[in-house]
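Next up, structure_29.txt (compact mmCIF, C-alpha atoms and all ligand atoms):
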```txt
# COMPACT_ATOMS: atom_id res chain seq x y z
CA MET A 1 -16.03 19.16 10.70
CA VAL A 2 -13.62 18.41 7.83
CA ARG A 3 -15.18 19.45 4.51
CA MET A 4 -13.92 17.12 1.77
CA ALA A 5 -13.88 16.81 -2.00
CA VAL A 6 -12.76 13.84 -4.07
CA ILE A 7 -11.15 14.15 -7.53
CA GLY A 8 -11.48 10.97 -9.61
CA CYS A 9 -14.61 8.83 -9.83
CA GLY A 10 -13.14 5.88 -11.75
CA TYR A 11 -12.60 2.43 -10.26
CA TRP A 12 -11.18 3.43 -6.86
CA GLY A 13 -12.53 6.95 -6.27
CA PRO A 14 -16.09 5.75 -5.41
CA ASN A 15 -14.66 3.73 -2.50
CA LEU A 16 -13.08 6.88 -1.09
CA ILE A 17 -16.27 8.87 -1.73
CA ARG A 18 -18.40 6.27 0.12
CA ASN A 19 -16.04 6.14 3.09
CA PHE A 20 -15.49 9.88 3.46
CA GLN A 21 -19.27 10.33 3.17
CA ASN A 22 -19.75 7.91 6.08
CA THR A 23 -16.93 9.14 8.32
CA ALA A 24 -17.92 10.95 11.49
CA GLY A 25 -16.51 14.49 11.55
CA CYS A 26 -16.31 14.59 7.77
CA GLU A 27 -18.67 16.18 5.29
CA LEU A 28 -18.38 15.31 1.60
CA ARG A 29 -18.94 18.56 -0.31
CA ALA A 30 -17.87 17.93 -3.93
CA ILE A 31 -16.71 15.30 -6.41
CA SER A 32 -14.93 15.77 -9.73
CA ASP A 33 -14.19 13.73 -12.84
CA LEU A 34 -13.30 14.68 -16.40
CA ASN A 35 -15.54 11.88 -17.61
CA ALA A 36 -19.12 13.23 -17.54
CA GLN A 37 -20.64 9.73 -17.53
CA ARG A 38 -18.65 8.60 -14.49
CA LEU A 39 -19.35 11.85 -12.69
CA ASP A 40 -23.06 11.51 -13.34
CA HIS A 41 -23.15 7.80 -12.42
CA VAL A 42 -21.36 8.30 -9.09
CA GLY A 43 -22.98 11.67 -8.39
CA ARG A 44 -26.51 10.26 -8.60
CA GLN A 45 -25.79 8.22 -5.46
CA TYR A 46 -24.90 11.43 -3.57
CA PRO A 47 -27.50 13.99 -4.69
CA HIS A 48 -26.49 16.54 -2.04
CA VAL A 49 -22.86 16.61 -3.28
CA ARG A 50 -21.74 19.16 -5.87
CA ARG A 51 -20.36 17.70 -9.12
CA THR A 52 -17.77 19.33 -11.34
CA SER A 53 -15.64 18.33 -14.31
CA ASP A 54 -13.19 21.14 -13.51
CA HIS A 55 -11.22 20.41 -10.33
CA ARG A 56 -10.20 24.09 -10.12
CA THR A 57 -13.70 25.03 -8.93
CA ILE A 58 -13.01 22.83 -5.88
CA LEU A 59 -9.72 24.54 -5.23
CA THR A 60 -11.23 28.02 -5.18
CA ASP A 61 -14.06 26.96 -2.85
CA PRO A 62 -13.29 28.35 0.64
CA ASP A 63 -15.72 25.84 2.18
CA ILE A 64 -13.51 22.86 1.32
CA ASP A 65 -10.69 21.97 3.72
CA ALA A 66 -9.23 18.79 2.19
CA VAL A 67 -9.16 17.04 -1.17
CA ALA A 68 -8.64 13.37 -2.03
CA VAL A 69 -7.01 12.55 -5.37
CA ALA A 70 -7.87 9.19 -6.96
CA THR A 71 -6.78 9.73 -10.55
CA PRO A 72 -4.10 8.00 -12.70
CA VAL A 73 -0.59 8.19 -11.24
CA SER A 74 0.74 10.53 -13.94
CA THR A 75 -1.74 13.20 -12.74
CA HIS A 76 -0.92 12.88 -9.01
CA TYR A 77 1.81 15.50 -8.95
CA PRO A 78 0.04 18.30 -10.88
CA LEU A 79 -3.24 17.73 -9.04
CA GLY A 80 -1.57 17.29 -5.65
CA LYS A 81 0.41 20.49 -6.19
CA ASP A 82 -2.76 22.40 -7.14
CA VAL A 83 -4.53 21.13 -4.01
CA LEU A 84 -1.70 22.10 -1.66
CA GLU A 85 -1.11 25.45 -3.32
CA ALA A 86 -4.81 26.20 -2.84
CA GLY A 87 -4.16 25.75 0.91
CA LYS A 88 -6.03 22.45 1.27
CA HIS A 89 -4.93 19.23 2.97
CA LEU A 90 -4.21 16.39 0.57
CA PHE A 91 -5.21 12.73 0.61
CA ILE A 92 -3.47 11.16 -2.38
CA GLU A 93 -3.75 7.65 -3.71
CA LYS A 94 -0.80 5.33 -3.96
CA PRO A 95 1.77 5.52 -5.45
CA MET A 96 2.14 9.10 -4.26
CA CYS A 97 3.67 10.43 -7.52
CA ALA A 98 5.31 9.12 -10.67
CA SER A 99 8.77 10.09 -9.35
CA ALA A 100 10.50 10.57 -6.01
CA ALA A 101 11.47 14.10 -7.10
CA ASP A 102 7.79 15.00 -7.44
CA CYS A 103 6.98 13.41 -4.04
CA ARG A 104 9.69 15.56 -2.45
CA LYS A 105 8.21 18.68 -4.01
CA LEU A 106 4.77 17.89 -2.56
CA VAL A 107 6.26 17.17 0.87
CA ASP A 108 8.07 20.49 0.68
CA ILE A 109 4.98 22.51 -0.29
CA ALA A 110 2.94 20.86 2.48
CA ARG A 111 5.64 21.59 5.06
CA ARG A 112 5.96 25.23 4.03
CA ARG A 113 2.21 25.74 4.14
CA GLY A 114 1.54 23.72 7.30
CA LEU A 115 -0.70 21.23 5.47
CA GLN A 116 -1.04 17.48 5.83
CA ILE A 117 -0.48 14.85 3.17
CA MET A 118 -1.79 11.35 3.61
CA VAL A 119 -1.01 8.66 1.04
CA GLY A 120 -3.61 5.94 0.42
CA HIS A 121 -1.47 2.99 1.48
CA THR A 122 -4.55 0.98 2.36
CA PHE A 123 -2.66 -2.04 3.68
CA LEU A 124 -1.30 -0.03 6.60
CA PHE A 125 -4.91 0.19 7.77
CA THR A 126 -5.86 -3.41 7.08
CA PRO A 127 -6.74 -5.10 10.38
CA ALA A 128 -4.79 -8.23 9.32
CA VAL A 129 -1.60 -6.20 8.78
CA ARG A 130 -2.14 -4.48 12.11
CA LYS A 131 -2.45 -7.92 13.70
CA ILE A 132 0.77 -9.11 12.03
CA ARG A 133 2.58 -6.03 13.33
CA GLU A 134 1.25 -6.75 16.81
CA LEU A 135 2.44 -10.38 16.59
CA MET A 136 5.87 -9.29 15.35
CA ARG A 137 6.19 -6.68 18.11
CA SER A 138 5.22 -9.15 20.82
CA GLY A 139 7.95 -11.55 19.65
CA GLU A 140 5.40 -14.24 18.74
CA LEU A 141 7.20 -15.01 15.46
CA GLY A 142 10.70 -14.60 16.91
CA ASP A 143 13.16 -13.02 14.47
CA VAL A 144 11.54 -12.80 11.04
CA TYR A 145 13.91 -14.44 8.56
CA TYR A 146 12.07 -13.84 5.31
CA VAL A 147 8.74 -12.91 3.74
CA ASN A 148 7.38 -14.29 0.49
CA ILE A 149 4.54 -12.37 -1.14
CA THR A 150 2.39 -13.20 -4.16
CA ARG A 151 0.11 -10.49 -5.52
CA VAL A 152 -1.15 -11.65 -8.91
CA ASN A 153 -4.32 -11.67 -11.02
CA LEU A 154 -5.44 -11.31 -14.64
CA GLY A 155 -5.37 -7.55 -15.45
CA LEU A 156 -6.24 -4.80 -14.91
CA PHE A 157 -3.51 -3.48 -17.22
CA GLN A 158 -2.85 0.19 -16.37
CA PRO A 159 -2.16 2.57 -19.26
CA ASP A 160 0.45 4.78 -17.60
CA ILE A 161 2.42 2.46 -15.28
CA ASN A 162 3.88 -1.05 -15.15
CA VAL A 163 2.80 -3.81 -12.76
CA VAL A 164 5.48 -2.86 -10.22
CA TRP A 165 4.08 0.67 -9.84
CA ASP A 166 0.54 -0.66 -9.75
CA LEU A 167 0.72 -3.59 -7.33
CA ALA A 168 4.03 -3.52 -5.44
CA PRO A 169 3.36 -0.24 -3.53
CA HIS A 170 1.02 -2.23 -1.29
CA ASP A 171 3.72 -4.74 -0.36
CA ILE A 172 6.57 -2.27 -0.09
CA ALA A 173 4.49 -0.01 2.18
CA MET A 174 3.48 -3.02 4.29
CA LEU A 175 7.04 -4.38 4.62
CA ASN A 176 8.53 -0.95 5.42
CA HIS A 177 5.84 -0.52 8.06
CA LEU A 178 6.40 -3.96 9.58
CA PHE A 179 10.20 -3.69 9.57
CA ASP A 180 10.18 0.01 10.55
CA SER A 181 12.61 0.70 7.73
CA GLY A 182 13.02 0.81 3.99
CA PRO A 183 15.09 -1.91 2.29
CA SER A 184 18.84 -1.47 1.97
CA ILE A 185 19.22 -3.29 -1.37
CA VAL A 186 16.73 -4.30 -4.05
CA SER A 187 16.99 -6.44 -7.14
CA ALA A 188 14.29 -7.38 -9.62
CA THR A 189 13.55 -8.96 -12.95
CA GLY A 190 10.50 -8.20 -15.03
CA ARG A 191 9.14 -8.76 -18.51
CA SER A 192 6.69 -7.02 -20.82
CA TYR A 193 4.94 -9.94 -22.51
CA VAL A 194 1.77 -8.19 -23.63
CA ARG A 195 2.75 -4.55 -24.25
CA SER A 196 6.32 -3.61 -24.99
CA GLY A 197 8.08 -1.38 -22.48
CA ASN A 198 5.49 -1.85 -19.72
CA GLU A 199 6.27 -4.86 -17.51
CA ASP A 200 3.30 -7.08 -16.77
CA VAL A 201 5.17 -9.49 -14.50
CA ALA A 202 8.02 -8.90 -12.04
CA PHE A 203 9.89 -10.70 -9.29
CA LEU A 204 11.38 -8.40 -6.64
CA THR A 205 13.86 -9.14 -3.87
CA LEU A 206 14.21 -6.62 -1.06
CA GLU A 207 16.89 -6.92 1.61
CA TYR A 208 16.14 -5.15 4.87
CA PRO A 209 18.76 -3.85 7.31
CA GLY A 210 17.73 -6.43 9.92
CA ASN A 211 18.94 -9.22 7.58
CA GLN A 212 15.40 -10.08 6.47
CA ILE A 213 14.75 -10.91 2.82
CA ALA A 214 11.42 -10.20 1.17
CA HIS A 215 10.43 -11.63 -2.16
CA ILE A 216 7.48 -10.15 -4.05
CA HIS A 217 5.87 -11.61 -7.16
CA VAL A 218 3.52 -9.19 -8.93
CA SER A 219 1.69 -9.99 -12.13
CA TRP A 220 -1.25 -8.96 -14.30
CA LEU A 221 -0.86 -12.24 -16.17
CA ASP A 222 -1.98 -14.90 -13.77
CA PRO A 223 -5.10 -17.08 -13.93
CA ASN A 224 -5.91 -16.68 -10.24
CA LYS A 225 -6.24 -13.75 -7.92
CA ILE A 226 -3.73 -14.46 -5.15
CA ARG A 227 -2.89 -12.10 -2.30
CA GLN A 228 -0.71 -14.15 -0.01
CA ALA A 229 2.25 -13.44 2.25
CA THR A 230 4.23 -16.02 4.20
CA PHE A 231 6.33 -14.81 7.12
CA VAL A 232 8.96 -17.24 8.38
CA GLY A 233 10.25 -16.49 11.84
CA SER A 234 12.67 -18.19 14.20
CA ARG A 235 9.81 -19.12 16.58
CA LYS A 236 6.70 -19.36 14.41
CA MET A 237 5.52 -18.97 10.85
CA LEU A 238 2.53 -17.00 9.60
CA VAL A 239 0.49 -17.06 6.42
CA TYR A 240 -1.62 -14.01 5.54
CA ASP A 241 -4.24 -14.63 2.87
CA ASP A 242 -5.98 -11.38 2.05
CA VAL A 243 -8.46 -13.10 -0.27
CA SER A 244 -9.81 -15.35 2.49
CA SER A 245 -12.83 -13.79 4.16
CA LEU A 246 -12.68 -15.50 7.56
CA GLU A 247 -9.20 -16.97 8.02
CA LYS A 248 -6.93 -14.14 6.90
CA ILE A 249 -4.08 -15.10 9.23
CA ARG A 250 -2.81 -18.51 10.28
CA VAL A 251 0.03 -18.78 12.77
CA TYR A 252 1.94 -22.04 12.58
CA ASP A 253 3.89 -23.18 15.60
CA LYS A 254 6.39 -24.80 13.27
CA GLY A 255 10.12 -24.40 13.15
CA VAL A 256 13.55 -25.92 13.00
CA GLU A 257 16.03 -25.87 15.84
CA LYS A 258 19.64 -26.86 16.00
CA LEU A 259 20.24 -29.14 18.96
CA SER A 260 22.59 -27.31 21.24
CA HIS A 261 25.01 -30.19 21.98
CA TYR A 262 26.62 -32.63 19.62
CA ASP A 263 30.10 -34.05 19.67
CA ASN A 264 30.85 -34.70 16.03
CA PHE A 265 29.31 -34.09 12.61
CA GLY A 266 27.69 -37.52 12.60
CA GLU A 267 25.66 -36.52 15.61
CA PHE A 268 24.60 -33.18 14.10
CA GLN A 269 20.83 -33.06 14.23
CA LEU A 270 18.03 -30.65 13.68
CA SER A 271 14.82 -30.82 15.59
CA TYR A 272 11.62 -30.04 13.72
CA ARG A 273 8.65 -28.66 15.58
CA TYR A 274 5.15 -29.38 14.26
CA GLY A 275 2.89 -27.59 16.72
CA ASP A 276 -0.57 -26.07 16.62
CA ILE A 277 -2.01 -23.84 13.95
CA VAL A 278 -3.81 -20.84 15.40
CA ILE A 279 -6.22 -18.60 13.49
CA PRO A 280 -6.29 -15.32 15.42
CA ARG A 281 -9.47 -13.27 15.34
CA VAL A 282 -9.05 -10.36 12.95
CA ASP A 283 -11.37 -7.37 13.01
CA GLN A 284 -13.55 -7.26 9.87
CA THR A 285 -13.70 -3.46 9.53
CA GLU A 286 -13.15 -2.20 5.98
CA PRO A 287 -9.58 -0.80 5.80
CA LEU A 288 -10.75 2.31 3.93
CA LYS A 289 -13.13 3.13 6.75
CA ILE A 290 -10.20 3.10 9.19
CA GLU A 291 -8.07 5.05 6.70
CA ALA A 292 -10.71 7.77 6.18
CA ALA A 293 -11.31 8.11 9.93
CA HIS A 294 -7.54 8.32 10.50
CA PHE A 295 -7.22 11.14 7.96
CA VAL A 296 -9.92 13.13 9.73
CA ALA A 297 -8.37 12.39 13.14
CA CYS A 298 -4.96 13.58 11.88
CA LEU A 299 -6.46 16.83 10.58
CA GLU A 300 -8.10 17.34 13.95
CA GLY A 301 -4.78 16.63 15.70
CA ARG A 302 -6.10 13.55 17.49
CA GLU A 303 -3.80 11.02 15.75
CA GLU A 304 -0.29 10.99 14.31
CA PRO A 305 -0.19 10.21 10.55
CA VAL A 306 0.71 6.57 9.80
CA SER A 307 1.10 7.14 6.08
CA ASP A 308 2.23 10.71 5.51
CA GLY A 309 4.18 12.20 2.61
CA SER A 310 7.51 10.82 3.85
CA VAL A 311 6.07 7.29 3.90
CA GLY A 312 4.72 7.78 0.35
CA LEU A 313 8.09 9.14 -0.78
CA GLN A 314 9.98 6.19 0.69
CA VAL A 315 7.77 3.74 -1.25
CA VAL A 316 8.30 5.64 -4.51
CA GLU A 317 12.07 5.70 -3.94
CA VAL A 318 12.00 1.90 -3.67
CA LEU A 319 9.83 1.62 -6.82
CA GLU A 320 12.40 3.67 -8.74
CA ARG A 321 15.28 1.46 -7.55
CA VAL A 322 13.33 -1.69 -8.42
CA CYS A 323 12.73 -0.43 -11.97
CA GLU A 324 16.43 0.54 -12.23
CA SER A 325 17.32 -3.05 -11.33
CA ILE A 326 14.82 -4.42 -13.88
CA ARG A 327 16.44 -2.28 -16.58
CA GLN A 328 19.83 -3.77 -15.55
CA GLU A 329 18.54 -7.36 -15.69
CA GLY A 330 18.34 -7.84 -11.94
CA LYS A 331 21.51 -6.08 -10.82
CA PRO A 332 21.30 -5.27 -7.08
CA VAL A 333 20.65 -1.57 -6.46
CA SER A 334 21.38 0.09 -3.15
CA CYS A 335 18.70 2.11 -1.33
CA SER A 336 19.40 4.35 1.58
CA PRO A 337 17.13 3.30 4.46
CA ALA A 338 15.13 6.19 5.88
N1 LIG B 401 -5.44 2.02 -2.36
C1 LIG B 401 -5.82 1.05 -3.16
O1 LIG B 401 -5.98 -0.10 -2.75
C2 LIG B 401 -6.05 1.34 -4.61
C3 LIG B 401 -6.74 0.43 -5.42
C4 LIG B 401 -6.94 0.75 -6.76
C5 LIG B 401 -6.43 1.94 -7.28
N2 LIG B 401 -5.75 2.78 -6.45
C6 LIG B 401 -5.18 4.04 -6.98
O2 LIG B 401 -6.23 4.95 -7.28
C7 LIG B 401 -5.85 5.79 -8.36
C8 LIG B 401 -6.92 5.73 -9.45
O3 LIG B 401 -6.98 4.41 -9.95
P1 LIG B 401 -8.29 3.88 -10.69
O4 LIG B 401 -8.07 2.42 -10.89
O5 LIG B 401 -9.51 4.35 -10.00
O6 LIG B 401 -8.17 4.63 -12.10
P2 LIG B 401 -9.34 4.89 -13.14
O7 LIG B 401 -8.68 5.15 -14.45
O8 LIG B 401 -10.39 3.83 -13.06
O9 LIG B 401 -10.03 6.24 -12.63
C9 LIG B 401 -9.39 7.48 -12.66
C10 LIG B 401 -10.44 8.55 -12.87
O10 LIG B 401 -9.80 9.82 -12.75
C11 LIG B 401 -10.41 10.69 -13.69
N3 LIG B 401 -9.52 11.85 -13.92
C12 LIG B 401 -8.30 11.87 -14.52
N4 LIG B 401 -7.79 13.13 -14.49
C13 LIG B 401 -8.70 13.91 -13.86
C14 LIG B 401 -8.76 15.29 -13.53
N5 LIG B 401 -7.77 16.13 -13.85
N6 LIG B 401 -9.86 15.77 -12.91
C15 LIG B 401 -10.88 14.94 -12.57
N7 LIG B 401 -10.89 13.59 -12.87
C16 LIG B 401 -9.81 13.10 -13.50
C17 LIG B 401 -10.63 9.83 -14.92
O11 LIG B 401 -11.62 10.38 -15.77
C18 LIG B 401 -11.07 8.51 -14.28
O12 LIG B 401 -12.48 8.42 -14.16
C19 LIG B 401 -4.47 5.30 -8.82
O13 LIG B 401 -3.48 6.07 -8.20
C20 LIG B 401 -4.41 3.88 -8.28
O14 LIG B 401 -3.08 3.43 -8.03
C21 LIG B 401 -5.57 2.52 -5.15
```
Translate this file's structure into structure tokens.
Amino acid sequence: MVRMAVIGCGYWGPNLIRNFQNTAGCELRAISDLNAQRLDHVGRQYPHVRRTSDHRTILTDPDIDAVAVATPVSTHYPLGKDVLEAGKHLFIEKPMCASAADCRKLVDIARRRGLQIMVGHTFLFTPAVRKIRELMRSGELGDVYYVNITRVNLGLFQPDINVVWDLAPHDIAMLNHLFDSGPSIVSATGRSYVRSGNEDVAFLTLEYPGNQIAHIHVSWLDPNKIRQATFVGSRKMLVYDDVSSLEKIRVYDKGVEKLSHYDNFGEFQLSYRYGDIVIPRVDQTEPLKIEAAHFVACLEGREEPVSDGSVGLQVVEVLERVCESIRQEGKPVSCSPA
């Protein structure tokens, strides 16, 4: 039995609390928040769980094995360090830390102490993303040429980070996972229209070593909530709409082929294929349920971590390069693929 505590009962923490509470092999022992009202509001739904405004009382409790951190990004490093130094496994929300240097320090402490870190990159556990990975692996899409992602909505403006650090970790983690690599070069432009110095809209371009290009549009300034990714492959094309409840993935048997024989430029022709559209069945399980169960399975040695500290670090390294490019008005910045 893994005995868990969760620090942070704001917007996201309660989702972790609910899922760890309902995960087989896991027992939720304590929750913490500095805000007494939030702690009381969330705590009333779990009367058997200890509540504390001081996270240090969790760290000194020998009956707690692992701690999840769902607090603002600027607090991830100090809290994560406290958790690991107290000898407890760490589940930490995305992005892992506010800098790659801090991520490396956490990875190092965990390695030295033989502890696990799992980063809450929820999209790696989303059944639709797992399906896309399966389709890519099976060659269904052919060679993926490019991916275009839109992740926009109105708000929620975050006090301590820009929109890239808030929204793009999902897409970067997903792309790195699907391409089995980090990008080799990134470039990005962004603007701070509402608050100075904190971009609320950004357009990112990531080039992957396999010659794929990914474009990501993130914004807190858009009238509609859109979570859409289009994958264009040499065989088929795929549209993933995370907002759709029933038809999350559509696979289009559409493409363009060069005819193999032509004698002169006048005869040069392309053939366009307009085939069927298939909507594959995608499991409806809540991603966080899979994520929580995976964390427990990793601690019990039954599964290999999909989103460990090195995965979290790689995402943060890309975020840093993207922001470097934004500061240089879109200049391409090299990343070393992991
Ligand atoms: N995986 C996902 O899909 C997903 C979605 C949303 C947010 N998140 C991540 O979750 C984290 C939290 O985001 P949020 O939107 O819930 O923020 P939030 O501001 O709504 O909540 C954070 C909570 O942490 C509490 N807190 C801060 N410092 C604390 C401390 N030292 N001890 C105890 N409590 C403390 C605050 O009082 C607040 O209630 C962020 O890292 C965010 O990126 C992840």
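Nearest to ligand LIG 401 (chain B) of all the residues A:Ile249, A:Leu59, A:Leu28, A:Ile7 is A:Ile7, counting all atoms listed in the file.
Closest to ligand LIG 401 (chain B) among A:Arg111, A:His41, A:Arg3, A:Lys94 is A:Lys94, based on only C-alpha atoms and all ligand atoms.
Counting from atom O9 of ligand LIG 401 (chain B), the distance to atom CA of Ala173 of chain A is 21.7 Å.
Distance check against ligand LIG 401 (chain B) using all atoms listed in the file: of A:Asp82, A:Glu199, A:Asp61, A:Glu93, the minimum falls on A:Glu93.
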Report task. Using all atoms listed in the file, determine which residues fall within 6 Å of ligand LIG 401 (chain B), then list them as an NGL selection string. Result -> :A and (7-13 or 32-35 or 55 or 70-73 or 93-95 or 120-122 or 166)
Report task. Do a neighbour search on segment 208-212 of chain A at 7 Å with all atoms listed in the file, toss out local chain neighbours closer than 3 positions, and write the hits as a PyMOL selection string. Result -> chain A and resi 144-146+182-184
**Report entry** Å distance separating atom CA of Tyr252 of chain A from atom CA of Met237 of chain A, one decimal place
**Finding:**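 Computed distance, atom CA of Tyr252 of chain A to atom CA of Met237 of chain A, equals 5.0 Å.
If you count all atoms listed in the file and ignore residues fewer than 2 places along the chain from Asp180 of chain A, what sits within 12 Å of it is Arg133, Met136, Arg137, Ile172, Ala173, Met174, Leu175, Asn176, His177, Leu178, Gly182, Pro183, Tyr208, Pro209, Gly210, Val306, Val311, Gln314, Pro337 and Ala338 of chain A.
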Report task. Just give me the gap between atom CA of Gly190 of chain A and atom CA of His170 of chain A in Å, one decimal is fine. Result ->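 One can read the atom CA of Gly190 of chain A to atom CA of His170 of chain A distance as 17.7 Å.
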Query raised in the report: Can you tell me, as a PyMOL selection string, what residues are no more than 7 Å from Ile290 of chain A when counting only C-alpha atoms, ignoring any on the same chain fewer than 4 positions away?
Result: chain A and resi 125+286+294
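The nearest approach to Lys225 of chain A among the residues A:Asn153, A:Ser244, A:Thr205, A:Thr23, with all atoms listed in the file taken into account, belongs to A:Asn153.
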